[in-house]
>>> print(open('model35.pdb').read())   # PDB, C-alpha atoms and all ligand atoms
ATOM      1  CA  MET U   1     149.437 109.457  97.059
ATOM      2  CA  PRO U   2     149.916 110.830  93.566
ATOM      3  CA  GLN U   3     148.736 114.368  93.070
ATOM      4  CA  PHE U   4     146.307 113.157  90.425
ATOM      5  CA  TYR U   5     144.308 111.046  92.902
ATOM      6  CA  LYS U   6     144.242 113.782  95.524
ATOM      7  CA  LYS U   7     142.669 116.146  93.064
ATOM      8  CA  ARG U   8     140.166 113.549  92.089
ATOM      9  CA  ILE U   9     139.114 112.907  95.684
ATOM     10  CA  VAL U  10     138.696 116.610  96.384
ATOM     11  CA  CYS U  11     136.661 116.907  93.247
ATOM     12  CA  TYR U  12     134.323 114.061  94.245
ATOM     13  CA  ALA U  13     133.947 115.510  97.735
ATOM     14  CA  VAL U  14     133.016 118.941  96.442
ATOM     15  CA  PHE U  15     130.607 117.471  93.951
ATOM     16  CA  SER U  16     128.866 115.312  96.598
ATOM     17  CA  LEU U  17     128.567 118.277  98.882
ATOM     18  CA  PHE U  18     126.991 120.226  96.053
ATOM     19  CA  LEU U  19     124.461 117.435  95.471
ATOM     20  CA  VAL U  20     123.514 117.306  99.140
ATOM     21  CA  VAL U  21     122.990 121.060  99.316
ATOM     22  CA  ALA U  22     121.029 121.169  96.061
ATOM     23  CA  PHE U  23     118.827 118.271  97.120
ATOM     24  CA  SER U  24     118.041 119.574 100.578
ATOM     25  CA  SER U  25     117.242 123.073  99.344
ATOM     26  CA  CYS U  26     114.828 121.546  96.806
ATOM     27  CA  GLN U  27     113.126 119.623  99.550
ATOM     28  CA  SER U  28     112.698 122.576 101.825
ATOM     29  CA  ASP U  29     111.250 124.617  98.939
ATOM     30  CA  GLU U  30     108.548 122.006  98.593
ATOM     31  CA  GLU U  31     108.024 121.916 102.352
ATOM     32  CA  THR U  32     107.685 125.717 102.475
ATOM     33  CA  LYS U  33     105.074 125.562  99.750
ATOM     34  CA  ARG U  34     103.190 122.796 101.546
ATOM     35  CA  GLN U  35     103.099 124.861 104.740
ATOM     36  CA  LYS U  36     101.757 127.853 102.805
ATOM     37  CA  TYR U  37      99.008 125.736 101.253
ATOM     38  CA  ILE U  38      98.116 124.353 104.673
ATOM     39  CA  THR U  39      97.748 127.846 106.140
ATOM     40  CA  GLU U  40      95.235 128.784 103.429
ATOM     41  CA  GLY U  41      93.703 125.312 103.487
ATOM     42  CA  ILE U  42      92.725 125.541 107.165
ATOM     43  CA  LEU U  43      90.661 128.672 106.526
ATOM     44  CA  LEU U  44      89.017 127.246 103.418
ATOM     45  CA  TYR U  45      88.262 123.996 105.209
ATOM     46  CA  ARG U  46      86.593 125.791 108.116
ATOM     47  CA  LYS U  47      84.495 127.809 105.732
ATOM     48  CA  ASN U  48      83.485 125.122 103.226
ATOM     49  CA  CYS U  49      83.782 121.713 104.830
ATOM     50  CA  ALA U  50      83.678 121.871 108.625
ATOM     51  CA  ASN U  51      79.871 122.242 108.735
ATOM     52  CA  CYS U  52      79.599 118.618 107.777
ATOM     53  CA  HIS U  53      82.952 116.987 108.455
ATOM     54  CA  GLN U  54      83.569 119.077 111.619
ATOM     55  CA  ALA U  55      86.593 121.202 112.417
ATOM     56  CA  ASP U  56      88.432 118.200 113.845
ATOM     57  CA  GLY U  57      87.628 116.033 110.798
ATOM     58  CA  ALA U  58      85.730 113.502 112.877
ATOM     59  CA  GLY U  59      82.598 113.665 110.717
ATOM     60  CA  LEU U  60      79.106 113.497 112.167
ATOM     61  CA  ALA U  61      77.518 110.286 113.366
ATOM     62  CA  GLY U  62      76.293 108.201 110.443
ATOM     63  CA  LEU U  63      75.694 111.268 108.286
ATOM     64  CA  TYR U  64      79.067 112.687 107.320
ATOM     65  CA  PRO U  65      82.114 110.458 107.033
ATOM     66  CA  PRO U  66      85.309 111.202 108.968
ATOM     67  CA  LEU U  67      88.474 112.550 107.346
ATOM     68  CA  VAL U  68      90.521 111.406 110.325
ATOM     69  CA  ASN U  69      92.731 108.499 109.354
ATOM     70  CA  SER U  70      90.428 107.835 106.400
ATOM     71  CA  ASP U  71      91.196 104.731 104.336
ATOM     72  CA  TYR U  72      89.041 106.305 101.618
ATOM     73  CA  LEU U  73      91.400 109.303 101.409
ATOM     74  CA  ARG U  74      94.347 106.945 101.185
ATOM     75  CA  ALA U  75      92.799 104.890  98.368
ATOM     76  CA  ASN U  76      91.136 107.591  96.252
ATOM     77  CA  LYS U  77      93.691 110.327  95.860
ATOM     78  CA  ASN U  78      92.393 111.656  92.546
ATOM     79  CA  ALA U  79      88.681 111.090  93.129
ATOM     80  CA  VAL U  80      88.826 113.159  96.317
ATOM     81  CA  ILE U  81      90.006 116.183  94.334
ATOM     82  CA  CYS U  82      87.068 115.810  91.929
ATOM     83  CA  SER U  83      84.572 115.458  94.794
ATOM     84  CA  ILE U  84      85.729 118.628  96.495
ATOM     85  CA  ARG U  85      84.640 120.689  93.522
ATOM     86  CA  TYR U  86      81.977 118.520  91.872
ATOM     87  CA  GLY U  87      80.489 116.788  94.917
ATOM     88  CA  GLN U  88      79.660 113.112  95.161
ATOM     89  CA  GLN U  89      76.854 110.731  96.014
ATOM     90  CA  GLY U  90      76.085 107.056  96.192
ATOM     91  CA  PRO U  91      77.229 104.625  98.855
ATOM     92  CA  ILE U  92      80.861 104.716  99.970
ATOM     93  CA  LYS U  93      82.715 102.897 102.707
ATOM     94  CA  VAL U  94      85.000 104.821 105.046
ATOM     95  CA  ASN U  95      86.929 102.954 107.729
ATOM     96  CA  GLY U  96      84.516 100.050 107.539
ATOM     97  CA  LYS U  97      81.326 102.098 107.779
ATOM     98  CA  THR U  98      78.942 102.777 104.878
ATOM     99  CA  TYR U  99      77.722 106.301 104.105
ATOM    100  CA  ASN U 100      75.181 107.218 101.490
ATOM    101  CA  ARG U 101      74.321 110.891 101.286
ATOM    102  CA  VAL U 102      74.967 113.809  99.014
ATOM    103  CA  MET U 103      78.097 115.890  99.262
ATOM    104  CA  PRO U 104      77.141 119.045  97.324
ATOM    105  CA  PRO U 105      79.375 120.491  94.596
ATOM    106  CA  GLN U 106      81.296 123.680  95.391
ATOM    107  CA  LEU U 107      81.905 125.170  91.971
ATOM    108  CA  GLN U 108      83.067 128.460  93.479
ATOM    109  CA  LEU U 109      86.343 126.865  94.593
ATOM    110  CA  SER U 110      89.251 127.790  92.311
ATOM    111  CA  ASN U 111      91.871 125.251  91.240
ATOM    112  CA  LEU U 112      94.280 126.704  93.769
ATOM    113  CA  GLU U 113      91.694 126.590  96.549
ATOM    114  CA  VAL U 114      90.913 122.930  95.814
ATOM    115  CA  ALA U 115      94.675 122.269  95.942
ATOM    116  CA  GLU U 116      95.034 124.070  99.274
ATOM    117  CA  ILE U 117      92.100 122.227 100.845
ATOM    118  CA  THR U 118      93.392 118.880  99.565
ATOM    119  CA  THR U 119      96.905 119.555 100.845
ATOM    120  CA  TYR U 120      95.445 120.553 104.203
ATOM    121  CA  ILE U 121      93.231 117.495 104.728
ATOM    122  CA  TYR U 122      96.054 115.153 103.713
ATOM    123  CA  SER U 123      98.388 116.898 106.143
ATOM    124  CA  GLN U 124      96.100 116.341 109.099
ATOM    125  CA  TRP U 125      94.705 113.535 111.141
ATOM    126  CA  GLY U 126      97.146 110.760 110.331
ATOM    127  CA  ASN U 127      96.559 110.868 106.562
ATOM    128  CA  ASP U 128      99.393 110.542 104.016
ATOM    129  CA  LYS U 129     101.098 113.911 103.787
ATOM    130  CA  ARG U 130     101.134 115.246 100.253
ATOM    131  CA  LEU U 131     101.380 118.531  98.408
ATOM    132  CA  ILE U 132      98.904 119.036  95.568
ATOM    133  CA  THR U 133      99.988 122.086  93.620
ATOM    134  CA  GLY U 134      97.469 124.389  91.968
ATOM    135  CA  LYS U 135      98.763 123.138  88.602
ATOM    136  CA  ALA U 136      98.291 119.470  89.508
ATOM    137  CA  ALA U 137      94.765 120.192  90.742
ATOM    138  CA  GLU U 138      93.990 122.070  87.537
ATOM    139  CA  ALA U 139      94.987 119.077  85.400
ATOM    140  CA  LEU U 140      92.979 116.619  87.505
ATOM    141  CA  LEU U 141      89.920 118.855  87.672
ATOM    142  CA  ALA U 142      89.928 119.276  83.896
ATOM    143  CA  LYS U 143      89.765 115.482  83.599
ATOM    144  CA  CYS U 144      86.929 114.968  86.068
ATOM    145  CA  ALA U 145      84.853 117.747  84.500
ATOM    146  CA  GLU U 146      84.536 115.596  81.360
TER     147      GLU U 146
HETATM  148  C1  LIG I   1      76.781 119.332 103.145
HETATM  149  C2  LIG I   1      77.733 118.480 103.817
HETATM  150  C3  LIG I   1      79.126 118.360 103.241
HETATM  151  C4  LIG I   1      80.032 119.359 102.962
HETATM  152  C5  LIG I   1      79.829 120.858 103.090
HETATM  153  C6  LIG I   1      81.230 118.695 102.527
HETATM  154  N1  LIG I   1      81.073 117.344 102.535
HETATM  155 FE1  LIG I   1      82.485 115.931 102.121
HETATM  156  N2  LIG I   1      81.109 114.478 102.265
HETATM  157  C7  LIG I   1      79.790 114.666 102.636
HETATM  158  C8  LIG I   1      79.078 113.402 102.482
HETATM  159  C9  LIG I   1      77.610 113.167 102.791
HETATM  160  C10 LIG I   1      80.005 112.461 101.990
HETATM  161  C11 LIG I   1      79.723 111.002 101.592
HETATM  162  C12 LIG I   1      79.138 111.031 100.174
HETATM  163  C13 LIG I   1      78.595 109.709  99.725
HETATM  164  O1  LIG I   1      77.802 109.113 100.447
HETATM  165  O2  LIG I   1      78.933 109.271  98.591
HETATM  166  C14 LIG I   1      81.280 113.162 101.891
HETATM  167  C15 LIG I   1      82.487 112.576 101.514
HETATM  168  C16 LIG I   1      83.716 113.197 101.554
HETATM  169  C17 LIG I   1      84.992 112.553 101.363
HETATM  170  C18 LIG I   1      85.246 111.079 101.091
HETATM  171  C19 LIG I   1      85.021 110.228 102.307
HETATM  172  C20 LIG I   1      85.988 110.426 103.447
HETATM  173  O3  LIG I   1      85.503 110.739 104.551
HETATM  174  O4  LIG I   1      87.211 110.279 103.273
HETATM  175  C21 LIG I   1      85.943 113.516 101.476
HETATM  176  C22 LIG I   1      87.437 113.352 101.369
HETATM  177  C23 LIG I   1      85.254 114.758 101.708
HETATM  178  N3  LIG I   1      83.899 114.532 101.760
HETATM  179  C24 LIG I   1      85.894 115.991 101.852
HETATM  180  C25 LIG I   1      85.205 117.206 101.908
HETATM  181  C26 LIG I   1      85.861 118.490 101.831
HETATM  182  C27 LIG I   1      87.357 118.695 101.733
HETATM  183  C28 LIG I   1      84.890 119.423 101.883
HETATM  184  C29 LIG I   1      85.023 120.921 101.764
HETATM  185  C30 LIG I   1      85.526 121.424 100.500
HETATM  186  C31 LIG I   1      83.617 118.735 102.029
HETATM  187  N4  LIG I   1      83.863 117.391 102.023
HETATM  188  C32 LIG I   1      82.381 119.364 102.163
HETATM  189  C33 LIG I   1      79.234 115.848 103.083
HETATM  190  C34 LIG I   1      79.799 117.084 102.967
END
>>> encode(input="model35.pdb", output="structure tokens")
Amino acid sequence: MPQFYKKRIVCYAVFSLFLVVAFSSCQSDEETKRQKYITEGILLYRKNCANCHQADGAGLAGLYPPLVNSDYLRANKNAVICSIRYGQQGPIKVNGKTYNRVMPPQLQLSNLEVAEITTYIYSQWGNDKRLITGKAAEALLAKCAE
């Protein structure tokens, strides 16, 4: 094999290796952040949400809807973030069952706290795992305040 090709192959190999390393270290950064948010999110959830939705997310009879495997959580990713701070009311359907009560606003929750709670509830109970950063929550919350 000509020297020229050998060099080329080595070069490609090194470059691919670099890409793999860069990509996987990016991913684990995000995963580390998600785990941090979850740790805070658990505490905030217990304090601000578990009264109604229960510590295990199962909800309470016909009064408070479940967060476990919630099709509503899956379908309303932005609206959920607004509701956590600004509350919500009016009939909604969760996993085939209708609920119609008031979820009170919790204006004391900071953007970061809303992000941590959201990341936590999406990481539990068979919901779609996602990381909502404090910045992303801030942008969404500014929109729903309007
Ligand atoms: C005082 C009771 C109460 C508290 C506290 C409360 N909620 Fe709710 N939540 C409700 C009710 C009632 C509904 C349904 C509202 C409706 O009928 O429109 C609801 C709806 C929801 C929904 C959408 C439906 C579903 O089950 O997927 C989510 C998500 C949710 N709450 C998350 C939270 C989170 C997170 C917190 C804590 C920050 C919280 N709630 C605090 C009563 C509460």
>>> closest_residue(input="model35.pdb", among="U:Tyr120, U:Val102, U:Ala13, U:Val21", to="Cys52 (chain U)", atoms="all atoms listed in the file")
U:Val102
>>> closest_residue(input="model35.pdb", among="U:Gly62, U:Arg8, U:Glu40, U:Leu67", to="ligand LIG 1 (chain I)", atoms="only C-alpha atoms and all ligand atoms")
U:Leu67
>>> residues_around(input="model35.pdb", residues="Leu140 (chain U)", least_positions_apart="6", cutoff="10 Å", atoms="only C-alpha atoms", output="PDB file with C-alpha atoms, in the frame of the given file")
ATOM      1  CA  ASN U  78      92.393 111.656  92.546  1.00  0.00           C
ATOM      2  CA  ALA U  79      88.681 111.090  93.129  1.00  0.00           C
ATOM      3  CA  ILE U  81      90.006 116.183  94.334  1.00  0.00           C
ATOM      4  CA  CYS U  82      87.068 115.810  91.929  1.00  0.00           C
ATOM      5  CA  ASN U 111      91.871 125.251  91.240  1.00  0.00           C
TER       6      ASN U 111
END
>>> residues_around(input="model35.pdb", residues="Val114 (chain U)", least_positions_apart="2", cutoff="9 Å", atoms="all atoms listed in the file", output="VMD selection string")
chain U and resid 41 44 81 to 82 84 to 85 109 to 112 116 to 119 132 134 137 to 138
>>> atom_distance(input="model35.pdb", atom1="CA of Leu107 (chain U)", atom2="atom C29 of ligand LIG 1 (chain I)")
11.1 Å
>>> resolve_selection(input="model35.pdb", expression="the PyMOL selection byres (((not hetatm)) within 9 of (chain I and resi 1))", output="mmCIF file with C-alpha atoms, in the coordinates of the input")
data_model
loop_
_atom_site.group_PDB
_atom_site.id
_atom_site.type_symbol
_atom_site.label_atom_id
_atom_site.label_comp_id
_atom_site.auth_asym_id
_atom_site.auth_seq_id
_atom_site.Cartn_x
_atom_site.Cartn_y
_atom_site.Cartn_z
ATOM 1 C CA LEU U 44 89.017 127.246 103.418
ATOM 2 C CA TYR U 45 88.262 123.996 105.209
ATOM 3 C CA ARG U 46 86.593 125.791 108.116
ATOM 4 C CA LYS U 47 84.495 127.809 105.732
ATOM 5 C CA ASN U 48 83.485 125.122 103.226
ATOM 6 C CA CYS U 49 83.782 121.713 104.830
ATOM 7 C CA ALA U 50 83.678 121.871 108.625
ATOM 8 C CA ASN U 51 79.871 122.242 108.735
ATOM 9 C CA CYS U 52 79.599 118.618 107.777
ATOM 10 C CA HIS U 53 82.952 116.987 108.455
ATOM 11 C CA GLY U 57 87.628 116.033 110.798
ATOM 12 C CA ALA U 58 85.730 113.502 112.877
ATOM 13 C CA GLY U 59 82.598 113.665 110.717
ATOM 14 C CA LEU U 63 75.694 111.268 108.286
ATOM 15 C CA TYR U 64 79.067 112.687 107.320
ATOM 16 C CA PRO U 65 82.114 110.458 107.033
ATOM 17 C CA PRO U 66 85.309 111.202 108.968
ATOM 18 C CA LEU U 67 88.474 112.550 107.346
ATOM 19 C CA VAL U 68 90.521 111.406 110.325
ATOM 20 C CA ASN U 69 92.731 108.499 109.354
ATOM 21 C CA SER U 70 90.428 107.835 106.400
ATOM 22 C CA ASP U 71 91.196 104.731 104.336
ATOM 23 C CA TYR U 72 89.041 106.305 101.618
ATOM 24 C CA LEU U 73 91.400 109.303 101.409
ATOM 25 C CA ARG U 74 94.347 106.945 101.185
ATOM 26 C CA ASN U 76 91.136 107.591 96.252
ATOM 27 C CA LYS U 77 93.691 110.327 95.860
ATOM 28 C CA ALA U 79 88.681 111.090 93.129
ATOM 29 C CA VAL U 80 88.826 113.159 96.317
ATOM 30 C CA ILE U 81 90.006 116.183 94.334
ATOM 31 C CA SER U 83 84.572 115.458 94.794
ATOM 32 C CA ILE U 84 85.729 118.628 96.495
ATOM 33 C CA ARG U 85 84.640 120.689 93.522
ATOM 34 C CA GLY U 87 80.489 116.788 94.917
ATOM 35 C CA GLN U 88 79.660 113.112 95.161
ATOM 36 C CA GLN U 89 76.854 110.731 96.014
ATOM 37 C CA GLY U 90 76.085 107.056 96.192
ATOM 38 C CA PRO U 91 77.229 104.625 98.855
ATOM 39 C CA ILE U 92 80.861 104.716 99.970
ATOM 40 C CA LYS U 93 82.715 102.897 102.707
ATOM 41 C CA VAL U 94 85.000 104.821 105.046
ATOM 42 C CA ASN U 95 86.929 102.954 107.729
ATOM 43 C CA THR U 98 78.942 102.777 104.878
ATOM 44 C CA TYR U 99 77.722 106.301 104.105
ATOM 45 C CA ASN U 100 75.181 107.218 101.490
ATOM 46 C CA ARG U 101 74.321 110.891 101.286
ATOM 47 C CA VAL U 102 74.967 113.809 99.014
ATOM 48 C CA MET U 103 78.097 115.890 99.262
ATOM 49 C CA PRO U 104 77.141 119.045 97.324
ATOM 50 C CA PRO U 105 79.375 120.491 94.596
ATOM 51 C CA GLN U 106 81.296 123.680 95.391
ATOM 52 C CA LEU U 109 86.343 126.865 94.593
ATOM 53 C CA GLU U 113 91.694 126.590 96.549
ATOM 54 C CA VAL U 114 90.913 122.930 95.814
ATOM 55 C CA ILE U 117 92.100 122.227 100.845
ATOM 56 C CA THR U 118 93.392 118.880 99.565
ATOM 57 C CA TYR U 120 95.445 120.553 104.203
ATOM 58 C CA ILE U 121 93.231 117.495 104.728
#
>>> atom_distance(input="model35.pdb", atom1="CA of Thr32 (chain U)", atom2="CA of Asp56 (chain U)")
23.6 Å
